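Here is the file work-v5.csv (CSV, C-alpha atoms).
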```
chain,number,residue,atom,x,y,z
A,1,MET,CA,-28.1,-3.2,-21.6
A,2,TYR,CA,-25.4,-3.2,-18.9
A,3,PRO,CA,-24.9,-6.6,-17.2
A,4,LYS,CA,-23.9,-6.3,-13.6
A,5,VAL,CA,-20.2,-6.5,-12.8
A,6,SER,CA,-18.9,-7.4,-9.4
A,7,ILE,CA,-15.5,-6.0,-8.6
A,8,VAL,CA,-13.7,-8.1,-6.0
A,9,ILE,CA,-11.0,-6.4,-3.9
A,10,PRO,CA,-9.0,-8.8,-1.6
A,11,PHE,CA,-7.5,-6.9,1.2
A,12,TYR,CA,-4.8,-7.7,3.8
A,13,ASN,CA,-3.0,-5.0,5.7
A,14,ASP,CA,-2.6,-2.7,2.7
A,15,PRO,CA,-2.5,1.1,3.2
A,16,TYR,CA,-3.4,1.7,-0.5
A,17,VAL,CA,-6.8,0.0,-0.2
A,18,GLY,CA,-8.7,3.3,0.0
A,19,GLN,CA,-7.3,4.4,-3.4
A,20,ALA,CA,-8.2,1.0,-4.9
A,21,ILE,CA,-11.8,1.2,-3.6
A,22,GLY,CA,-12.1,4.8,-4.8
A,23,SER,CA,-11.0,3.8,-8.3
A,24,ALA,CA,-13.6,1.0,-8.4
A,25,LEU,CA,-16.4,3.3,-7.3
A,26,ALA,CA,-15.4,5.9,-9.9
A,27,GLN,CA,-16.2,3.6,-12.8
A,28,THR,CA,-18.3,5.2,-15.5
A,29,TYR,CA,-19.9,1.9,-16.1
A,30,PRO,CA,-23.4,2.1,-14.5
A,31,ASN,CA,-24.0,-1.3,-13.1
A,32,ILE,CA,-21.4,-2.5,-10.5
A,33,GLU,CA,-21.0,-3.8,-7.0
A,34,VAL,CA,-17.8,-3.5,-5.1
A,35,ILE,CA,-16.9,-6.3,-2.8
A,36,VAL,CA,-14.0,-5.9,-0.4
A,37,VAL,CA,-12.9,-9.1,1.2
A,38,ASP,CA,-10.9,-8.5,4.4
A,39,ASP,CA,-8.6,-11.5,4.6
A,40,GLY,CA,-8.1,-11.3,8.4
A,41,SER,CA,-6.3,-7.9,8.4
A,42,THR,CA,-4.8,-6.4,11.5
A,43,LEU,CA,-3.7,-3.1,9.9
A,44,HIS,CA,-5.3,-0.3,7.9
A,45,ALA,CA,-8.9,-1.6,8.0
A,46,HIS,CA,-10.0,1.8,9.2
A,47,VAL,CA,-9.2,3.1,5.7
A,48,ILE,CA,-12.3,1.2,4.4
A,49,GLN,CA,-14.7,2.8,6.9
A,50,PRO,CA,-15.6,5.9,4.8
A,51,PHE,CA,-16.7,3.6,2.0
A,52,GLN,CA,-18.9,1.2,4.0
A,53,LYS,CA,-22.2,2.4,2.7
A,54,ARG,CA,-21.2,2.0,-0.9
A,55,ILE,CA,-19.5,-1.4,-0.8
A,56,CYS,CA,-20.2,-4.9,0.3
A,57,TYR,CA,-17.6,-5.6,3.0
A,58,LEU,CA,-16.8,-9.3,3.8
A,59,GLY,CA,-14.6,-10.4,6.6
A,60,LYS,CA,-12.9,-13.8,6.9
A,61,ALA,CA,-10.0,-15.5,8.6
A,62,ASN,CA,-6.7,-15.1,6.9
A,63,GLY,CA,-6.3,-17.7,4.1
A,64,GLY,CA,-4.5,-15.9,1.2
A,65,THR,CA,-5.4,-14.2,-2.0
A,66,ALA,CA,-7.0,-17.2,-3.7
A,67,SER,CA,-9.3,-17.8,-0.7
A,68,ALA,CA,-10.3,-14.2,-0.5
A,69,LEU,CA,-11.0,-14.0,-4.3
A,70,ASN,CA,-13.0,-17.2,-4.2
A,71,HIS,CA,-15.1,-16.0,-1.2
A,72,GLY,CA,-15.9,-12.7,-3.0
A,73,ILE,CA,-16.7,-14.5,-6.3
A,74,ARG,CA,-19.1,-16.9,-4.5
A,75,MET,CA,-20.9,-14.0,-2.8
A,76,ALA,CA,-21.0,-11.8,-6.0
A,77,SER,CA,-24.3,-11.0,-7.6
A,78,GLY,CA,-22.8,-9.9,-10.9
A,79,GLU,CA,-22.9,-11.8,-14.1
A,80,TYR,CA,-19.2,-10.7,-14.6
A,81,ILE,CA,-16.3,-10.7,-12.2
A,82,ALA,CA,-13.5,-8.2,-12.2
A,83,TRP,CA,-10.5,-8.4,-9.7
A,84,LEU,CA,-8.7,-5.4,-8.3
A,85,SER,CA,-5.7,-5.8,-6.0
A,86,SER,CA,-5.8,-3.5,-3.1
A,87,ASP,CA,-2.7,-1.6,-4.2
A,88,ASP,CA,-3.7,-1.2,-7.8
A,89,LEU,CA,-6.0,1.3,-9.6
A,90,TYR,CA,-8.7,1.1,-12.3
A,91,TYR,CA,-8.9,3.8,-14.9
A,92,PRO,CA,-12.5,5.2,-14.8
A,93,ASN,CA,-13.3,3.8,-18.3
A,94,LYS,CA,-12.1,0.3,-17.6
A,95,LEU,CA,-15.5,-1.5,-17.5
A,96,MET,CA,-17.2,0.8,-19.9
A,97,THR,CA,-14.5,-0.2,-22.4
A,98,GLN,CA,-14.1,-3.9,-21.6
A,99,ILE,CA,-17.7,-5.0,-21.1
A,100,PRO,CA,-19.0,-3.7,-24.5
A,101,PHE,CA,-15.8,-5.2,-26.1
A,102,MET,CA,-16.7,-8.6,-24.6
A,103,LEU,CA,-20.4,-8.4,-25.5
A,104,GLU,CA,-19.6,-7.6,-29.2
A,105,ARG,CA,-17.5,-10.7,-29.4
A,106,GLY,CA,-19.4,-13.1,-27.2
A,107,ALA,CA,-16.2,-13.3,-25.0
A,108,GLN,CA,-16.3,-15.2,-21.8
A,109,ILE,CA,-13.0,-13.6,-20.6
A,110,SER,CA,-10.8,-10.7,-21.6
A,111,PHE,CA,-7.7,-8.9,-20.4
A,112,SER,CA,-5.9,-5.7,-21.4
A,113,SER,CA,-2.6,-3.9,-21.2
A,114,PHE,CA,-1.8,-1.7,-18.2
A,115,ASP,CA,0.4,1.1,-17.0
A,116,LEU,CA,3.0,0.9,-14.2
A,117,ILE,CA,2.9,3.3,-11.3
A,118,ASP,CA,5.2,3.7,-8.3
A,119,ALA,CA,4.4,4.1,-4.6
A,120,TYR,CA,3.5,7.8,-5.2
A,121,ASN,CA,1.1,7.1,-8.1
A,122,ARG,CA,3.6,8.3,-10.7
A,123,VAL,CA,3.3,6.5,-14.1
A,124,THR,CA,6.7,4.9,-14.8
A,125,GLN,CA,5.8,2.9,-17.9
A,126,ARG,CA,2.8,2.8,-20.2
A,127,HIS,CA,1.1,0.1,-22.2
A,128,VAL,CA,2.7,-2.9,-20.7
A,129,VAL,CA,2.0,-6.3,-22.3
A,130,PRO,CA,3.7,-7.7,-25.4
A,131,HIS,CA,1.8,-8.0,-28.7
A,132,PHE,CA,0.9,-11.6,-29.7
A,133,PRO,CA,0.5,-12.0,-33.4
A,134,HIS,CA,-1.8,-14.9,-33.0
A,135,TYR,CA,-3.5,-16.8,-30.2
A,136,SER,CA,-1.1,-19.7,-30.2
A,137,ALA,CA,1.7,-17.2,-29.4
A,138,LEU,CA,-0.2,-16.3,-26.2
A,139,ILE,CA,-0.6,-19.9,-25.3
A,140,ARG,CA,3.2,-20.5,-25.9
A,141,ALA,CA,4.0,-17.5,-23.8
A,142,MET,CA,2.1,-19.0,-20.9
A,143,ILE,CA,4.5,-21.9,-20.8
A,144,ASP,CA,7.3,-19.7,-19.5
A,145,SER,CA,5.6,-16.7,-18.1
A,146,ASN,CA,2.3,-15.1,-17.1
A,147,PRO,CA,1.6,-12.2,-19.5
A,148,ILE,CA,-2.0,-11.8,-18.2
A,149,ASN,CA,-2.2,-9.3,-15.3
A,150,GLY,CA,-5.1,-10.5,-13.1
A,151,CYS,CA,-6.4,-7.0,-12.4
A,152,THR,CA,-7.0,-6.4,-16.2
A,153,VAL,CA,-9.2,-9.5,-16.4
A,154,VAL,CA,-13.0,-9.5,-16.6
A,155,ALA,CA,-14.7,-12.9,-16.8
A,156,ARG,CA,-18.1,-14.4,-16.7
A,157,LYS,CA,-18.8,-15.6,-13.1
A,158,ASP,CA,-20.3,-18.9,-14.4
A,159,VAL,CA,-17.0,-19.7,-16.3
A,160,LEU,CA,-14.9,-19.1,-13.1
A,161,ILE,CA,-17.3,-21.2,-11.0
A,162,GLY,CA,-17.3,-24.0,-13.7
A,163,ILE,CA,-13.5,-24.3,-13.8
A,164,GLY,CA,-13.4,-24.7,-10.0
A,165,LEU,CA,-12.3,-21.1,-9.0
A,166,PHE,CA,-8.7,-20.3,-7.9
A,167,ASP,CA,-6.5,-23.0,-6.4
A,168,GLU,CA,-6.2,-22.1,-2.7
A,169,GLY,CA,-3.1,-24.2,-2.4
A,170,LEU,CA,-1.2,-21.7,-4.5
A,171,PRO,CA,-0.5,-18.6,-2.4
A,172,TYR,CA,1.2,-16.6,-5.2
A,173,THR,CA,0.4,-18.1,-8.6
A,174,GLN,CA,-3.3,-18.8,-8.3
A,175,ASP,CA,-3.9,-16.5,-11.3
A,176,TYR,CA,-1.3,-18.2,-13.5
A,177,ASP,CA,-2.7,-21.6,-12.8
A,178,MET,CA,-6.3,-20.4,-13.4
A,179,TRP,CA,-5.6,-18.8,-16.8
A,180,ILE,CA,-3.8,-22.0,-18.0
A,181,ARG,CA,-6.7,-24.2,-16.8
A,182,LEU,CA,-9.2,-21.9,-18.6
A,183,MET,CA,-7.2,-22.1,-21.8
A,184,LEU,CA,-6.9,-25.8,-21.7
A,185,ASN,CA,-10.7,-26.0,-21.4
A,186,ASP,CA,-11.0,-23.9,-24.6
A,187,VAL,CA,-12.0,-20.7,-23.0
A,188,HIS,CA,-10.6,-18.1,-25.4
A,189,PHE,CA,-8.9,-15.0,-23.9
A,190,HIS,CA,-9.7,-11.8,-25.8
A,191,TYR,CA,-7.3,-8.9,-25.6
A,192,VAL,CA,-8.1,-5.2,-25.3
A,193,HIS,CA,-5.1,-3.3,-26.7
A,194,SER,CA,-5.5,-0.4,-24.3
A,195,PRO,CA,-4.2,0.2,-20.7
A,196,LEU,CA,-7.2,0.0,-18.4
A,197,ILE,CA,-5.5,-0.3,-15.0
A,198,GLN,CA,-2.5,1.1,-13.1
A,199,TYR,CA,-0.3,-1.7,-11.6
A,200,ARG,CA,1.7,-0.5,-8.6
A,201,MET,CA,5.3,-1.5,-8.2
A,202,HIS,CA,6.5,-0.8,-4.7
A,203,ALA,CA,9.0,-2.3,-2.1
A,204,ALA,CA,6.3,-3.7,0.2
A,205,MET,CA,4.4,-5.7,-2.6
A,206,GLY,CA,4.3,-9.5,-2.2
A,207,THR,CA,6.1,-10.2,-5.5
A,208,VAL,CA,9.1,-8.3,-4.1
A,209,ARG,CA,9.0,-9.6,-0.5
A,210,HIS,CA,8.4,-13.3,-1.4
A,211,HIS,CA,10.3,-13.5,-4.7
A,212,ALA,CA,12.2,-16.7,-4.0
A,213,VAL,CA,9.1,-18.6,-2.9
A,214,ILE,CA,7.2,-17.3,-5.9
A,215,GLU,CA,9.9,-18.5,-8.3
A,216,GLN,CA,9.6,-22.0,-6.8
A,217,GLU,CA,5.8,-22.0,-7.1
A,218,ILE,CA,6.0,-20.7,-10.7
A,219,ALA,CA,8.4,-23.6,-11.6
A,220,MET,CA,5.9,-26.1,-10.1
A,221,VAL,CA,3.0,-24.7,-12.2
A,222,ARG,CA,5.1,-24.7,-15.3
A,223,GLY,CA,6.1,-28.3,-14.8
A,224,ARG,CA,2.5,-29.2,-14.3
A,225,TYR,CA,1.2,-27.8,-17.5
A,226,ARG,CA,4.2,-27.5,-19.9
A,227,GLN,CA,3.4,-30.6,-22.0
A,228,LEU,CA,-0.3,-29.9,-22.1
A,229,LEU,CA,0.2,-26.3,-23.2
A,230,ASN,CA,2.7,-27.3,-25.9
A,231,ALA,CA,0.2,-29.8,-27.3
A,232,TYR,CA,-2.7,-27.3,-27.1
A,233,ALA,CA,-0.6,-24.6,-28.9
A,234,SER,CA,0.2,-27.0,-31.6
A,235,ARG,CA,-3.5,-27.7,-32.2
A,236,HIS,CA,-4.0,-24.0,-32.5
A,237,GLY,CA,-1.4,-23.5,-35.2
A,238,GLY,CA,1.6,-22.6,-33.0
```
Once you've parsed the file, please lay out its structure as structure tokens.
Amino acid sequence: MYPKVSIVIPFYNDPYVGQAIGSALAQTYPNIEVIVVDDGSTLHAHVIQPFQKRICYLGKANGGTASALNHGIRMASGEYIAWLSSDDLYYPNKLMTQIPFMLERGAQISFSSFDLIDAYNRVTQRHVVPHFPHYSALIRAMIDSNPINGCTVVARKDVLIGIGLFDEGLPYTQDYDMWIRLMLNDVHFHYVHSPLIQYRMHAAMGTVRHHAVIEQEIAMVRGRYRQLLNAYASRHGG
């Protein structure tokens, strides 16, 4: 049995979006839908046109990544949700690896390692994500960093809906905040020790252009959850 997976691709003025969509459609997993959420783009929307018959295309006013993700999740018909940034790429076996892994363990959410690529699709580093010897080590790591790449995550839609989806008041750290909230609500993150996506590092990416603001937002999220995470890690043997 292959439960349906909805791949949500938020898009805003990104020239790489066609490559992202192509990698989603190239999944070897047989039961997917690809949802592209155009977050009020004024550039590069024509790149999506060749894929229109094979995707669900949703347009909306510009509201940021969290609002685009939330809109796509609400409209998704899949039992599971996967997120793909418009400048990143899935390996063809991502879902065919990750969904059986989750089903075998009864996992509500999982993440994986990833490879880094540059602006020209050249792999610059393989198998990124530190090894955590036990679950409390992952929880502790969340206090000072976000080791979970959002595009490696697959989660049950009902779990994301139940937690309240992404915080649209956080333009850059909506994923960091979401993973912490899920952990604190006893949703266990299962890890696939295999790179299943390519994460693109390039000069135009938001984490480069908005670095100073992102650092301020990270500090705010850390302050909000530090004590709770410390206490939660202690209860889990950390």
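We find atom CA of A:Leu84 and atom CA of A:Met201 to be spaced 14.5 Å apart.
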Per residue of stretch 85-110 of chain A within 10 Å of stretch 68-80 of chain A, what are the shortest atom pair and its distance in Å to one decimal, counting all atoms listed in the file, with rows by chain and residue number, as CSV?
```
residue,atom,partner,partner_atom,distance
A:Ser85,CA,A:Leu69,CA,9.9
A:Ile99,CA,A:Tyr80,CA,8.8
A:Gln108,CA,A:Tyr80,CA,9.0
A:Ile109,CA,A:Tyr80,CA,9.1
```
* To do: List every protein, DNA or RNA residue that has at least one atom no more than 9 Å from (-15.4, 3.8, -10.9) in the file's coordinates, counting only C-alpha atoms, and write the result as JSON, numbers by chain.
  => {"A": [21, 22, 23, 24, 25, 26, 27, 28, 29, 30, 32, 90, 91, 92, 93, 94, 95]}
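Residues within 12 Å of A:Ala119, counting all atoms listed in the file and excluding same-chain residues fewer than 5 positions away, are A:Pro15, A:Tyr16, A:Gln19, A:Asp87, A:Asp88, A:Leu89, A:Thr124, A:Gln198, A:Tyr199, A:Arg200, A:Met201, A:His202, A:Ala203, A:Ala204, A:Met205.
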Residues just named, written with C-alpha atoms as a PDB file, in the frame of the given file:
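The resulting file, result.pdb, is reproduced below:
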```pdb
ATOM      1  CA  PRO A  15      -2.500   1.100   3.200  1.00  0.00           C
ATOM      2  CA  TYR A  16      -3.400   1.700  -0.500  1.00  0.00           C
ATOM      3  CA  GLN A  19      -7.300   4.400  -3.400  1.00  0.00           C
ATOM      4  CA  ASP A  87      -2.700  -1.600  -4.200  1.00  0.00           C
ATOM      5  CA  ASP A  88      -3.700  -1.200  -7.800  1.00  0.00           C
ATOM      6  CA  LEU A  89      -6.000   1.300  -9.600  1.00  0.00           C
ATOM      7  CA  THR A 124       6.700   4.900 -14.800  1.00  0.00           C
ATOM      8  CA  GLN A 198      -2.500   1.100 -13.100  1.00  0.00           C
ATOM      9  CA  TYR A 199      -0.300  -1.700 -11.600  1.00  0.00           C
ATOM     10  CA  ARG A 200       1.700  -0.500  -8.600  1.00  0.00           C
ATOM     11  CA  MET A 201       5.300  -1.500  -8.200  1.00  0.00           C
ATOM     12  CA  HIS A 202       6.500  -0.800  -4.700  1.00  0.00           C
ATOM     13  CA  ALA A 203       9.000  -2.300  -2.100  1.00  0.00           C
ATOM     14  CA  ALA A 204       6.300  -3.700   0.200  1.00  0.00           C
ATOM     15  CA  MET A 205       4.400  -5.700  -2.600  1.00  0.00           C
TER      16      MET A 205
END
```
* Asked: For A:Pro10, which of A:Phe51, A:Phe111, A:Tyr191, A:Trp83 is the closest residue, counting only C-alpha atoms?
  ->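 Checking each candidate against A:Pro10, we get A:Trp83 as the closest.
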* Skipping near chain neighbours, those fewer than 4 positions away, what residues fall within 12 Å of A:Ile180 using all atoms listed in the file, listed as number ranges by chain? -> A: 138-148, 163, 166-167, 173-176, 184-189, 221-222, 224-230, 232-233
* Structure fact -> re atom CA of A:Ala45 and atom CA of A:Gly63: distance 16.8 Å
* Could you name the residues that touch A:Val17 at 8 Å or less, counting only C-alpha atoms, but leaving out those on the same chain fewer than 3 positions away, as a list in words? -> Phe11, Asp14, Ala20, Ile21, Val47, Ile48, Ser86 and Asp87 of chain A
Could you add whatever atoms are missing so that stretch 39-68 of chain A carries N, CA and C atoms, then write the result as a tab-separated table (two decimals), keeping the file's coordinate frame?
```
chain	number	residue	atom	x	y	z
A	39	ASP	N	-9.19	-10.19	4.41
A	39	ASP	CA	-8.60	-11.50	4.60
A	39	ASP	C	-7.90	-11.57	5.99
A	40	GLY	N	-8.62	-11.19	7.06
A	40	GLY	CA	-8.10	-11.30	8.40
A	40	GLY	C	-7.05	-10.16	8.70
A	41	SER	N	-7.27	-8.97	8.18
A	41	SER	CA	-6.30	-7.90	8.40
A	41	SER	C	-6.21	-7.44	9.82
A	42	THR	N	-5.03	-7.00	10.18
A	42	THR	CA	-4.80	-6.40	11.50
A	42	THR	C	-4.36	-4.96	11.40
A	43	LEU	N	-4.17	-4.47	10.18
A	43	LEU	CA	-3.70	-3.10	9.90
A	43	LEU	C	-4.57	-2.47	8.82
A	44	HIS	N	-4.79	-1.17	8.93
A	44	HIS	CA	-5.30	-0.30	7.90
A	44	HIS	C	-6.82	-0.57	7.55
A	45	ALA	N	-7.50	-1.40	8.32
A	45	ALA	CA	-8.90	-1.60	8.00
A	45	ALA	C	-9.74	-0.35	8.20
A	46	HIS	N	-9.26	0.58	9.00
A	46	HIS	CA	-10.00	1.80	9.20
A	46	HIS	C	-10.10	2.64	7.90
A	47	VAL	N	-9.20	2.39	6.96
A	47	VAL	CA	-9.20	3.10	5.70
A	47	VAL	C	-10.51	2.80	4.91
A	48	ILE	N	-11.07	1.63	5.16
A	48	ILE	CA	-12.30	1.20	4.40
A	48	ILE	C	-13.53	1.86	4.98
A	49	GLN	N	-13.49	2.31	6.22
A	49	GLN	CA	-14.70	2.80	6.90
A	49	GLN	C	-15.47	3.86	6.12
A	50	PRO	N	-14.84	4.85	5.50
A	50	PRO	CA	-15.60	5.90	4.80
A	50	PRO	C	-16.41	5.33	3.60
A	51	PHE	N	-16.06	4.14	3.13
A	51	PHE	CA	-16.70	3.60	2.00
A	51	PHE	C	-17.82	2.56	2.31
A	52	GLN	N	-18.03	2.31	3.59
A	52	GLN	CA	-18.90	1.20	4.00
A	52	GLN	C	-20.26	1.19	3.42
A	53	LYS	N	-20.85	2.34	3.24
A	53	LYS	CA	-22.20	2.40	2.70
A	53	LYS	C	-22.30	2.18	1.22
A	54	ARG	N	-21.15	2.17	0.55
A	54	ARG	CA	-21.20	2.00	-0.90
A	54	ARG	C	-20.55	0.73	-1.39
A	55	ILE	N	-20.13	-0.10	-0.46
A	55	ILE	CA	-19.50	-1.40	-0.80
A	55	ILE	C	-20.13	-2.52	-0.05
A	56	CYS	N	-19.83	-3.72	-0.48
A	56	CYS	CA	-20.20	-4.90	0.30
A	56	CYS	C	-18.86	-5.35	0.97
A	57	TYR	N	-18.84	-5.32	2.28
A	57	TYR	CA	-17.60	-5.60	3.00
A	57	TYR	C	-17.76	-7.01	3.67
A	58	LEU	N	-16.83	-7.90	3.32
A	58	LEU	CA	-16.80	-9.30	3.80
A	58	LEU	C	-15.58	-9.51	4.62
A	59	GLY	N	-15.72	-10.00	5.83
A	59	GLY	CA	-14.60	-10.40	6.60
A	59	GLY	C	-14.42	-11.88	6.71
A	60	LYS	N	-13.18	-12.35	6.82
A	60	LYS	CA	-12.90	-13.80	6.90
A	60	LYS	C	-11.57	-13.98	7.61
A	61	ALA	N	-11.33	-15.21	8.05
A	61	ALA	CA	-10.00	-15.50	8.60
A	61	ALA	C	-8.98	-15.54	7.50
A	62	ASN	N	-7.74	-15.22	7.86
A	62	ASN	CA	-6.70	-15.10	6.90
A	62	ASN	C	-6.46	-16.48	6.17
A	63	GLY	N	-6.51	-16.45	4.84
A	63	GLY	CA	-6.30	-17.70	4.10
A	63	GLY	C	-5.60	-17.46	2.77
A	64	GLY	N	-5.22	-16.21	2.47
A	64	GLY	CA	-4.50	-15.90	1.20
A	64	GLY	C	-5.38	-15.35	0.14
A	65	THR	N	-4.73	-14.85	-0.89
A	65	THR	CA	-5.40	-14.20	-2.00
A	65	THR	C	-6.46	-15.04	-2.66
A	66	ALA	N	-6.09	-16.29	-2.96
A	66	ALA	CA	-7.00	-17.20	-3.70
A	66	ALA	C	-8.30	-17.40	-2.86
A	67	SER	N	-8.15	-17.60	-1.55
A	67	SER	CA	-9.30	-17.80	-0.70
A	67	SER	C	-10.19	-16.58	-0.64
A	68	ALA	N	-9.57	-15.41	-0.59
A	68	ALA	CA	-10.30	-14.20	-0.50
A	68	ALA	C	-11.07	-13.93	-1.86
```
